[in-house]
$ cat input-v6.cif   # mmCIF, C-alpha atoms
data_structure
loop_
_atom_site.label_atom_id
_atom_site.label_comp_id
_atom_site.auth_asym_id
_atom_site.auth_seq_id
_atom_site.Cartn_x
_atom_site.Cartn_y
_atom_site.Cartn_z
CA MET W 597 123.07 79.64 92.46
CA ASN W 598 124.13 83.02 93.82
CA LYS W 599 123.02 86.02 91.81
CA TYR W 600 123.57 89.72 92.37
CA LEU W 601 121.85 93.01 91.68
CA ILE W 602 124.33 95.83 91.10
CA LEU W 603 122.86 99.31 90.99
CA GLU W 604 124.40 102.08 88.91
CA ASN W 605 125.68 103.76 92.10
CA GLY W 606 127.66 100.61 92.98
CA MET W 607 125.38 99.23 95.69
CA THR W 608 125.20 95.44 95.51
CA PHE W 609 122.50 93.06 96.74
CA LYS W 610 123.25 89.35 96.96
CA GLY W 611 120.51 86.80 96.35
CA GLU W 612 119.67 83.67 94.40
CA GLY W 613 118.59 83.16 90.84
CA PHE W 614 115.29 81.66 89.72
CA GLY W 615 113.40 81.77 86.46
CA ALA W 616 115.56 81.88 83.33
CA PRO W 617 119.37 81.99 83.55
CA GLY W 618 121.46 84.88 82.27
CA ASP W 619 122.38 88.50 82.93
CA VAL W 620 120.10 91.47 82.33
CA THR W 621 120.38 95.24 82.65
CA ALA W 622 117.22 97.26 83.26
CA GLU W 623 115.72 100.21 85.09
CA ILE W 624 114.90 98.98 88.61
CA VAL W 625 111.41 99.98 89.79
CA PHE W 626 109.23 98.85 92.68
CA THR W 627 105.51 98.16 92.97
CA THR W 628 103.63 98.11 96.26
CA ALA W 629 100.76 95.90 95.02
CA MET W 630 100.08 93.00 97.39
CA THR W 631 98.13 90.94 94.84
CA GLY W 632 97.85 90.79 91.07
CA TYR W 633 101.41 89.71 90.31
CA LEU W 634 100.25 88.05 87.08
CA GLU W 635 98.67 91.27 85.88
CA THR W 636 101.85 93.10 86.86
CA LEU W 637 104.12 90.69 85.02
CA THR W 638 102.07 90.91 81.82
CA ASP W 639 101.70 94.70 81.87
CA LYS W 640 103.69 95.86 78.83
CA SER W 641 104.23 99.28 80.42
CA TYR W 642 107.14 97.63 82.29
CA ALA W 643 109.19 97.18 79.08
CA GLY W 644 112.87 97.83 79.78
CA GLN W 645 112.37 97.64 83.54
CA ALA W 646 112.96 95.08 86.30
CA ILE W 647 110.12 94.87 88.82
CA VAL W 648 110.77 94.76 92.55
CA GLN W 649 107.78 93.43 94.50
CA THR W 650 107.66 95.04 97.95
CA PHE W 651 105.27 92.35 99.24
CA PRO W 652 107.55 89.57 100.56
CA LEU W 653 105.85 86.41 99.21
CA ILE W 654 104.94 86.23 95.52
CA GLY W 655 103.40 83.38 93.56
CA ASN W 656 101.19 81.80 96.22
CA TYR W 657 98.30 81.24 93.79
CA GLY W 658 100.55 80.20 90.92
CA ILE W 659 100.04 80.97 87.25
CA ILE W 660 96.46 81.39 86.01
CA PRO W 661 96.38 81.99 82.23
CA GLU W 662 92.94 83.61 82.35
CA ASP W 663 94.31 86.43 84.51
CA VAL W 664 97.10 87.73 82.27
CA GLU W 665 96.85 91.22 80.76
CA SER W 666 98.72 90.54 77.50
CA ASN W 667 100.33 87.77 75.50
CA MET W 668 103.82 88.68 76.74
CA ILE W 669 105.71 89.41 79.94
CA GLY W 670 106.45 93.12 79.92
CA THR W 671 109.26 93.23 82.47
CA SER W 672 112.89 92.40 81.69
CA ALA W 673 113.45 90.76 85.09
CA TYR W 674 111.57 89.98 88.30
CA ILE W 675 112.91 90.63 91.82
CA VAL W 676 111.17 89.17 94.90
CA ARG W 677 111.99 88.37 98.50
CA GLU W 678 110.55 84.85 98.22
CA TRP W 679 108.63 82.96 95.56
CA CYS W 680 106.15 80.24 96.43
CA ASP W 681 107.17 76.82 95.10
CA HIS W 682 103.90 75.14 96.18
CA PRO W 683 101.09 77.43 94.95
CA SER W 684 97.50 76.69 95.87
CA ASN W 685 94.58 77.64 93.61
CA PHE W 686 92.06 75.55 91.73
CA ARG W 687 92.85 77.47 88.50
CA CYS W 688 96.64 77.23 88.87
CA THR W 689 98.51 75.58 85.98
CA ARG W 690 102.15 75.93 87.15
CA ASP W 691 104.42 77.81 89.51
CA LEU W 692 106.10 81.19 89.04
CA ASP W 693 109.60 79.76 88.49
CA THR W 694 108.44 77.50 85.66
CA TYR W 695 106.51 80.34 84.06
CA LEU W 696 109.48 82.71 84.04
CA LYS W 697 111.73 79.98 82.63
CA SER W 698 109.25 79.31 79.81
CA ARG W 699 109.26 83.01 78.86
CA GLY W 700 113.02 83.56 79.23
CA ILE W 701 112.63 86.05 82.10
CA VAL W 702 115.43 86.31 84.67
CA GLY W 703 114.39 86.17 88.32
CA LEU W 704 116.20 87.21 91.50
CA CYS W 705 115.06 86.16 94.97
CA LYS W 706 116.31 85.97 98.57
CA ILE W 707 117.37 89.62 98.60
CA ASP W 708 116.20 92.27 101.07
CA THR W 709 113.53 93.91 98.89
CA ARG W 710 112.58 96.27 101.71
CA ALA W 711 116.13 97.64 101.88
CA LEU W 712 116.26 97.90 98.08
CA THR W 713 112.96 99.79 98.00
CA ARG W 714 114.20 102.24 100.65
CA VAL W 715 117.28 102.92 98.49
CA LEU W 716 115.12 103.60 95.41
CA ARG W 717 112.81 105.86 97.40
CA GLU W 718 115.72 107.85 98.84
CA HIS W 719 117.97 108.08 95.77
CA GLY W 720 115.40 107.67 93.00
CA THR W 721 114.96 105.05 90.33
CA MET W 722 118.25 103.63 89.05
CA ASN W 723 119.46 101.20 86.44
CA GLY W 724 120.82 97.89 87.63
CA LEU W 725 122.53 94.73 86.44
CA ILE W 726 121.40 91.28 87.53
CA THR W 727 124.34 88.93 87.13
CA GLU W 728 126.16 85.86 88.42
CA SER W 729 129.52 87.63 87.96
CA PRO W 730 129.52 90.90 89.93
CA LEU W 731 133.24 91.50 89.51
CA ASN W 732 132.74 92.08 85.78
CA ALA W 733 130.14 94.82 86.23
CA ASP W 734 130.77 98.13 84.44
CA LEU W 735 128.94 100.89 86.32
CA GLU W 736 129.19 103.30 83.39
CA LEU W 737 127.48 100.81 81.07
CA ILE W 738 124.79 100.13 83.67
CA LYS W 739 124.13 103.85 84.09
CA ALA W 740 123.99 104.42 80.31
CA TYR W 741 121.35 101.74 79.70
CA LYS W 742 118.13 102.87 78.02
CA CYS W 743 115.35 100.88 76.38
CA ASN W 744 115.00 102.48 72.95
CA ASP W 745 111.56 102.96 71.39
CA PRO W 746 109.76 100.63 73.82
CA VAL W 747 106.30 101.48 72.45
CA SER W 748 107.07 99.94 69.05
CA LEU W 749 108.46 96.84 70.82
CA VAL W 750 105.22 96.12 72.66
CA SER W 751 102.51 97.48 70.34
CA THR W 752 100.47 95.12 68.15
CA LYS W 753 101.94 94.67 64.69
CA LYS W 754 98.59 94.56 62.88
CA MET W 755 95.07 95.75 63.48
CA TYR W 756 92.58 93.36 65.07
CA VAL W 757 89.02 93.60 66.36
CA GLU W 758 87.50 92.73 69.73
CA GLY W 759 83.78 92.70 70.52
CA ASN W 760 80.76 93.33 68.35
CA GLY W 761 78.85 96.23 69.81
CA LYS W 762 76.98 99.37 68.88
CA TYR W 763 79.87 101.83 69.18
CA LYS W 764 83.05 101.66 67.12
CA ILE W 765 86.21 102.56 69.05
CA ALA W 766 89.60 103.04 67.41
CA LEU W 767 92.20 102.17 70.04
CA LEU W 768 95.86 103.03 69.53
CA ASP W 769 97.89 100.33 71.25
CA PHE W 770 100.99 101.72 72.97
CA GLY W 771 101.25 98.67 75.27
CA MET W 772 97.60 98.05 76.09
CA LYS W 773 96.34 96.11 79.07
CA GLU W 774 93.71 93.66 77.86
CA ASN W 775 91.18 94.74 80.47
CA ILE W 776 90.79 98.06 78.66
CA CYS W 777 89.22 96.15 75.78
CA ARG W 778 87.09 94.12 78.17
CA CYS W 779 85.78 97.30 79.81
CA LEU W 780 84.86 98.72 76.40
CA THR W 781 83.34 95.59 74.87
CA LYS W 782 81.08 95.00 77.86
CA ARG W 783 79.80 98.54 77.30
CA ASP W 784 78.52 97.64 73.82
CA CYS W 785 81.66 98.62 71.88
CA THR W 786 83.45 97.11 68.92
CA VAL W 787 87.13 97.86 69.53
CA TYR W 788 89.52 98.18 66.59
CA VAL W 789 93.01 97.84 68.06
CA PHE W 790 95.62 99.59 65.91
CA PRO W 791 99.45 99.62 65.98
CA SER W 792 100.94 102.67 67.65
CA SER W 793 102.24 104.08 64.33
CA THR W 794 98.87 103.97 62.55
CA SER W 795 98.12 107.12 60.54
CA VAL W 796 94.96 109.15 60.96
CA GLU W 797 93.89 108.16 57.46
CA GLU W 798 94.13 104.44 58.26
CA LEU W 799 92.30 104.88 61.53
CA LEU W 800 89.42 106.78 59.90
CA ARG W 801 88.73 103.90 57.50
CA VAL W 802 86.73 102.20 60.25
CA ASN W 803 84.72 105.42 60.80
CA PRO W 804 85.06 105.28 64.61
CA ASP W 805 82.62 106.88 67.03
CA GLY W 806 85.44 107.47 69.49
CA ILE W 807 89.22 107.20 69.89
CA PHE W 808 91.14 105.62 72.76
CA LEU W 809 94.82 106.11 73.67
CA SER W 810 96.17 103.22 75.74
CA ASN W 811 98.82 102.88 78.41
CA GLY W 812 102.40 102.03 77.47
CA PRO W 813 106.08 102.20 78.46
CA GLY W 814 108.87 104.74 78.38
CA ASP W 815 109.40 108.49 78.30
CA PRO W 816 106.33 110.04 76.63
CA SER W 817 108.33 112.90 75.09
CA ASP W 818 110.39 110.41 73.06
CA ASN W 819 107.34 109.58 70.93
CA VAL W 820 107.63 112.55 68.56
CA ASP W 821 105.81 110.97 65.60
CA ILE W 822 102.98 109.66 67.78
CA ILE W 823 102.52 113.08 69.37
CA GLU W 824 102.18 114.65 65.93
CA ASN W 825 99.62 111.99 65.05
CA VAL W 826 97.65 112.70 68.23
CA LYS W 827 97.56 116.40 67.27
CA LYS W 828 95.79 115.40 64.04
CA LEU W 829 93.39 113.15 65.95
CA ILE W 830 92.48 116.04 68.25
CA MET W 831 91.46 118.10 65.22
CA LEU W 832 88.84 115.49 64.33
CA LYS W 833 86.80 116.59 67.38
CA LYS W 834 85.81 112.99 68.06
CA PRO W 835 85.34 111.81 71.66
CA MET W 836 88.72 110.69 72.99
CA MET W 837 89.96 109.09 76.20
CA GLY W 838 93.53 108.38 77.27
CA ILE W 839 95.03 106.27 80.04
CA CYS W 840 98.55 106.55 81.52
CA LEU W 841 100.91 107.03 78.52
CA GLY W 842 97.84 108.00 76.49
CA HIS W 843 97.17 110.73 79.08
CA GLN W 844 100.72 112.04 78.77
CA LEU W 845 100.73 111.96 74.95
CA LEU W 846 97.45 113.86 74.83
CA ALA W 847 98.93 116.50 77.16
CA LEU W 848 102.09 116.81 75.07
CA ALA W 849 100.00 117.14 71.90
CA HIS W 850 98.28 120.14 73.54
CA GLY W 851 101.63 121.79 74.28
CA PHE W 852 101.97 120.80 77.94
CA SER W 853 105.13 119.15 79.30
CA THR W 854 106.02 116.01 81.24
CA THR W 855 108.69 115.20 83.80
CA LYS W 856 110.26 112.07 85.24
CA LEU W 857 109.25 111.31 88.82
CA LYS W 858 111.83 110.40 91.44
CA TYR W 859 110.60 106.82 91.76
CA GLY W 860 107.20 106.79 90.07
CA HIS W 861 103.79 105.52 91.14
CA ARG W 862 103.42 101.75 90.91
CA GLY W 863 100.93 99.76 92.91
CA ALA W 864 97.25 99.18 93.58
CA ASN W 865 96.85 101.62 96.47
CA GLN W 866 97.48 105.09 95.04
CA PRO W 867 94.99 107.73 96.31
CA VAL W 868 93.69 110.24 93.74
CA LYS W 869 91.40 113.16 94.51
CA HIS W 870 88.58 114.08 92.13
CA LEU W 871 88.81 117.85 92.20
CA GLU W 872 85.18 118.60 91.30
CA SER W 873 83.60 116.38 93.97
CA GLY W 874 86.43 116.38 96.50
CA ARG W 875 86.15 112.60 96.74
CA THR W 876 89.28 110.44 97.01
CA TYR W 877 89.52 107.17 95.07
CA ILE W 878 92.06 104.37 95.42
CA SER W 879 93.66 103.61 92.07
CA SER W 880 95.99 101.21 90.32
CA GLN W 881 99.04 102.91 88.77
CA ASN W 882 102.21 102.13 86.87
CA HIS W 883 104.10 105.13 85.57
CA GLY W 884 107.38 106.94 86.01
CA TYR W 885 106.43 110.25 84.36
CA ALA W 886 103.78 112.89 85.04
CA VAL W 887 102.28 115.94 83.35
CA VAL W 888 103.81 119.09 84.86
CA ASN W 889 101.11 121.03 86.70
CA GLU W 890 102.63 124.41 85.88
CA SER W 891 102.59 123.64 82.14
CA ILE W 892 98.81 123.12 81.98
CA ASP W 893 97.07 125.99 80.17
CA VAL W 894 93.83 126.56 82.11
CA ASN W 895 92.25 127.97 78.93
CA VAL W 896 92.85 124.62 77.23
CA ALA W 897 92.27 122.03 79.98
CA LYS W 898 91.26 121.73 83.61
CA PRO W 899 92.74 119.21 86.05
CA LEU W 900 90.35 116.37 86.91
CA PHE W 901 92.38 114.46 89.53
CA ILE W 902 95.51 115.00 91.60
CA ASN W 903 97.62 112.49 93.50
CA VAL W 904 96.94 112.88 97.22
CA ASN W 905 100.50 111.86 98.15
CA ASP W 906 102.49 114.32 96.03
CA ASN W 907 99.90 116.56 94.25
CA THR W 908 101.02 115.47 90.78
CA ASN W 909 98.44 115.63 88.01
CA GLU W 910 96.29 112.51 87.61
CA GLY W 911 93.77 113.61 84.99
CA LEU W 912 92.74 116.33 82.54
CA GLU W 913 89.52 117.41 80.86
CA TYR W 914 89.96 119.43 77.68
CA LEU W 915 87.76 122.47 77.22
CA ASN W 916 87.76 122.85 73.44
CA GLU W 917 87.47 119.18 72.41
CA PRO W 918 85.47 116.19 73.71
CA CYS W 919 88.61 114.69 75.31
CA PHE W 920 89.68 113.61 78.76
CA SER W 921 92.45 111.45 80.16
CA VAL W 922 93.70 109.97 83.42
CA GLN W 923 97.15 109.00 84.66
CA PHE W 924 95.93 105.96 86.59
CA HIS W 925 94.23 102.73 85.44
CA PRO W 926 90.41 102.77 85.72
CA GLU W 927 90.34 99.29 84.13
CA ALA W 928 92.50 98.26 87.13
CA CYS W 929 92.91 94.55 86.67
CA ALA W 930 93.48 93.13 89.36
CA GLY W 931 91.88 96.11 91.08
CA PRO W 932 90.72 98.30 92.67
CA LYS W 933 87.75 99.16 90.45
CA ASP W 934 86.84 102.45 92.17
CA THR W 935 87.16 104.54 89.00
CA SER W 936 85.65 102.20 86.39
CA PHE W 937 82.84 104.76 86.01
CA LEU W 938 85.21 106.73 83.78
CA PHE W 939 84.50 104.24 80.99
CA ASP W 940 80.80 105.06 81.39
CA ASN W 941 81.67 108.74 81.09
CA PHE W 942 83.49 108.02 77.84
CA ILE W 943 80.56 106.04 76.45
CA SER W 944 78.17 108.88 77.31
CA MET W 945 80.26 111.13 75.06
CA LEU W 946 79.57 108.84 72.08
CA THR W 947 75.79 109.18 72.17
#

$ encode --input "input-v6.cif" --output "structure tokens"
Amino acid sequence: MNKYLILENGMTFKGEGFGAPGDVTAEIVFTTAMTGYLETLTDKSYAGQAIVQTFPLIGNYGIIPEDVESNMIGTSAYIVREWCDHPSNFRCTRDLDTYLKSRGIVGLCKIDTRALTRVLREHGTMNGLITESPLNADLELIKAYKCNDPVSLVSTKKMYVEGNGKYKIALLDFGMKENICRCLTKRDCTVYVFPSSTSVEELLRVNPDGIFLSNGPGDPSDNVDIIENVKKLIMLKKPMMGICLGHQLLALAHGFSTTKLKYGHRGANQPVKHLESGRTYISSQNHGYAVVNESIDVNVAKPLFINVNDNTNEGLEYLNEPCFSVQFHPEACAGPKDTSFLFDNFISMLT
């Protein structure tokens, strides 16, 4: 069945539907990752967005339950050039189309994803409507779309525990990728995963050795209550690490500012430069906002990493508290694992 993507500027791309039926409006973003589509689909940082895969063939190794990064699909819709209807992998349980149908996720294929990506790179990220009835599209409604309070939509609803190690970590879940917990538990940590709205008093009941701020979706500055909570956590002077949204919230809590990027950084091939050593690492990223370099008070924090492509901030080390954070994903499932040593750095702060 024919299906269409209509961008907020009126541009229309004709394709075919797969996955679940229906119409969906979302922010249209692209990722350049060539592998790891399962990890991408189950990354809750994509809440309110429709993913465009720039790699032309998706689904060739099918659906492997052991490889997912959460218990839900984060994206609102999935846009690919071609999906593989005969996947080949000894761990495969079903194909991509069946998986999306089972989770109620709309898919769009047979469109020119390269042309779409060029539009998003030139004009910036836009909202779009995926529909079978393009004549009924209202561009003003498409442009006005916003996913409200996405962090509360994807955060755990109750505290749970993973691992049984020496160090106790209180992790605030803003849309956590499961591999963050795996990276901590294999480093002898017991991880207490808390809802995003958890108060400092509740968090302290487990008497944590360290605090972790996870990745998550949306505009970081919208999370006013969480930012106030992070300010209180900073005052505890406990070792703290943040990733992605956690990095941005920690910066906002210190009085810095964030800005929306033209089309964001999404993929598994983003180069980041470690400023102290001068070494460049390849990182996995998924974010549409960044900490503004000019807003960073050098008496409060020093930049740790910058993005080699556009010089945006990719990490901060705080000078007056045992805190640091990075914009990229050192847990990087499905890879690369170049910066996994940052978890070791965090653990060294606990001893």

$ resolve_selection --input "input-v6.cif" --expression "the PyMOL selection byres ((chain W and resi 840-843) around 6)" --output "ChimeraX atom specification"
/W:809-812,838-839,844-846,921-924

$ write_last_selection --input "input-v6.cif" --atoms "C-alpha atoms" --output "short mmCIF file (atom, residue, chain, number, x, y, z; two decimals), keeping the file's coordinate frame"
data_model
loop_
_atom_site.label_atom_id
_atom_site.label_comp_id
_atom_site.auth_asym_id
_atom_site.auth_seq_id
_atom_site.Cartn_x
_atom_site.Cartn_y
_atom_site.Cartn_z
CA LEU W 809 94.82 106.11 73.67
CA SER W 810 96.17 103.22 75.74
CA ASN W 811 98.82 102.88 78.41
CA GLY W 812 102.40 102.03 77.47
CA GLY W 838 93.53 108.38 77.27
CA ILE W 839 95.03 106.27 80.04
CA GLN W 844 100.72 112.04 78.77
CA LEU W 845 100.73 111.96 74.95
CA LEU W 846 97.45 113.86 74.83
CA SER W 921 92.45 111.45 80.16
CA VAL W 922 93.70 109.97 83.42
CA GLN W 923 97.15 109.00 84.66
CA PHE W 924 95.93 105.96 86.59
#

$ closest_residue --input "input-v6.cif" --among "W:Thr752, W:Thr908, W:Thr608, W:Ser891" --to "Gly851 in chain W" --atoms "all atoms listed in the file"
W:Ser891

$ closest_residue --input "input-v6.cif" --among "W:Glu665, W:Phe939, W:Asn744, W:Gly759" --to "Phe808 in chain W" --atoms "all atoms listed in the file"
W:Phe939

$ atom_distance --input "input-v6.cif" --atom1 "CA of Asp619 in chain W" --atom2 "CA of Lys739 in chain W"
15.5 Å

$ atom_distance --input "input-v6.cif" --atom1 "CA of Tyr741 in chain W" --atom2 "CA of Glu623 in chain W"
7.9 Å

$ residues_around --input "input-v6.cif" --residues "range 865-869 of chain W" --least-positions-apart "2" --cutoff "9 Å" --atoms "only C-alpha atoms" --output "PyMOL selection string"
chain W and resi 628-629+861-863+871-881+900-905+907+910+924+932

$ residues_around --input "input-v6.cif" --residues "range 651-664 of chain W" --least-positions-apart "2" --cutoff "6 Å" --atoms "only C-alpha atoms" --output "list in words"
Met630, Leu634, Glu635, Thr638, Gln649, Ser666, Arg677, Glu678, Trp679, Cys680, Pro683, Ser684, Asn685, Arg687, Cys688, Thr689, Arg690, Asp691 and Leu692 of chain W

$ closest_residue --input "input-v6.cif" --among "W:Glu728, W:Asp934, W:Asp693, W:Asp708" --to "Lys599 in chain W" --atoms "only C-alpha atoms"
W:Glu728

$ atom_distance --input "input-v6.cif" --atom1 "CA of Ile707 in chain W" --atom2 "CA of Pro813 in chain W"
26.3 Å

$ residues_around --input "input-v6.cif" --residues "Pro746 in chain W" --least-positions-apart "2" --cutoff "7 Å" --atoms "all atoms listed in the file" --output "list of chain:residue names"
W:Ala643, W:Cys743, W:Asn744, W:Ser748, W:Leu749, W:Val750, W:Pro813, W:Gly814

$ resolve_selection --input "input-v6.cif" --expression "the PyMOL selection byres ((chain W and resi 784-798) around 10)" --output "short mmCIF file (atom, residue, chain, number, x, y, z; two decimals) with C-alpha atoms, in the frame of the given file"
data_model
loop_
_atom_site.label_atom_id
_atom_site.label_comp_id
_atom_site.auth_asym_id
_atom_site.auth_seq_id
_atom_site.Cartn_x
_atom_site.Cartn_y
_atom_site.Cartn_z
CA VAL W 747 106.30 101.48 72.45
CA SER W 748 107.07 99.94 69.05
CA VAL W 750 105.22 96.12 72.66
CA SER W 751 102.51 97.48 70.34
CA THR W 752 100.47 95.12 68.15
CA LYS W 753 101.94 94.67 64.69
CA LYS W 754 98.59 94.56 62.88
CA MET W 755 95.07 95.75 63.48
CA TYR W 756 92.58 93.36 65.07
CA VAL W 757 89.02 93.60 66.36
CA GLU W 758 87.50 92.73 69.73
CA GLY W 759 83.78 92.70 70.52
CA ASN W 760 80.76 93.33 68.35
CA GLY W 761 78.85 96.23 69.81
CA LYS W 762 76.98 99.37 68.88
CA TYR W 763 79.87 101.83 69.18
CA LYS W 764 83.05 101.66 67.12
CA ILE W 765 86.21 102.56 69.05
CA ALA W 766 89.60 103.04 67.41
CA LEU W 767 92.20 102.17 70.04
CA LEU W 768 95.86 103.03 69.53
CA ASP W 769 97.89 100.33 71.25
CA PHE W 770 100.99 101.72 72.97
CA GLY W 771 101.25 98.67 75.27
CA MET W 772 97.60 98.05 76.09
CA ILE W 776 90.79 98.06 78.66
CA CYS W 777 89.22 96.15 75.78
CA ARG W 778 87.09 94.12 78.17
CA CYS W 779 85.78 97.30 79.81
CA LEU W 780 84.86 98.72 76.40
CA THR W 781 83.34 95.59 74.87
CA LYS W 782 81.08 95.00 77.86
CA ARG W 783 79.80 98.54 77.30
CA LEU W 799 92.30 104.88 61.53
CA LEU W 800 89.42 106.78 59.90
CA ARG W 801 88.73 103.90 57.50
CA VAL W 802 86.73 102.20 60.25
CA ASN W 803 84.72 105.42 60.80
CA PRO W 804 85.06 105.28 64.61
CA ASP W 805 82.62 106.88 67.03
CA GLY W 806 85.44 107.47 69.49
CA ILE W 807 89.22 107.20 69.89
CA PHE W 808 91.14 105.62 72.76
CA LEU W 809 94.82 106.11 73.67
CA SER W 810 96.17 103.22 75.74
CA GLY W 812 102.40 102.03 77.47
CA ASN W 819 107.34 109.58 70.93
CA ASP W 821 105.81 110.97 65.60
CA ILE W 822 102.98 109.66 67.78
CA ASN W 825 99.62 111.99 65.05
CA VAL W 826 97.65 112.70 68.23
CA LYS W 827 97.56 116.40 67.27
CA LYS W 828 95.79 115.40 64.04
CA LEU W 829 93.39 113.15 65.95
CA LEU W 832 88.84 115.49 64.33
CA ILE W 943 80.56 106.04 76.45
#

$ residues_around --input "input-v6.cif" --residues "Ile647 in chain W" --least-positions-apart "6" --cutoff "7 Å" --atoms "all atoms listed in the file" --output "short mmCIF file (atom, residue, chain, number, x, y, z; two decimals) with C-alpha atoms, keeping the file's coordinate frame"
data_model
loop_
_atom_site.label_atom_id
_atom_site.label_comp_id
_atom_site.auth_asym_id
_atom_site.auth_seq_id
_atom_site.Cartn_x
_atom_site.Cartn_y
_atom_site.Cartn_z
CA ILE W 624 114.90 98.98 88.61
CA VAL W 625 111.41 99.98 89.79
CA PHE W 626 109.23 98.85 92.68
CA THR W 671 109.26 93.23 82.47
CA ALA W 673 113.45 90.76 85.09
CA TYR W 674 111.57 89.98 88.30
CA ILE W 675 112.91 90.63 91.82
#

$ residues_near_point --input "input-v6.cif" --point "(109.6, 102.7, 96.3)" --cutoff "7 Å" --atoms "all atoms listed in the file" --output "list in words"
Phe626, Thr627, Thr713, Arg714, Leu716, Arg717 and Tyr859 of chain W

$ residues_around --input "input-v6.cif" --residues "Leu857 in chain W" --least-positions-apart "2" --cutoff "9 Å" --atoms "all atoms listed in the file" --output "PyMOL selection string"
chain W and resi 720-721+855+859-861+883-886

$ resolve_selection --input "input-v6.cif" --expression "the PyMOL selection byres ((chain W and resi 888) around 6)" --output "MDAnalysis selection string"
chainID W and resid 853:854 887 889:891

$ closest_residue --input "input-v6.cif" --among "W:Asp734, W:Asp818, W:Ser729, W:Tyr695" --to "Asp681 in chain W" --atoms "all atoms listed in the file"
W:Tyr695

$ closest_residue --input "input-v6.cif" --among "W:Thr621, W:Ser641, W:Asn732, W:Asn723" --to "Glu604 in chain W" --atoms "only C-alpha atoms"
W:Asn723
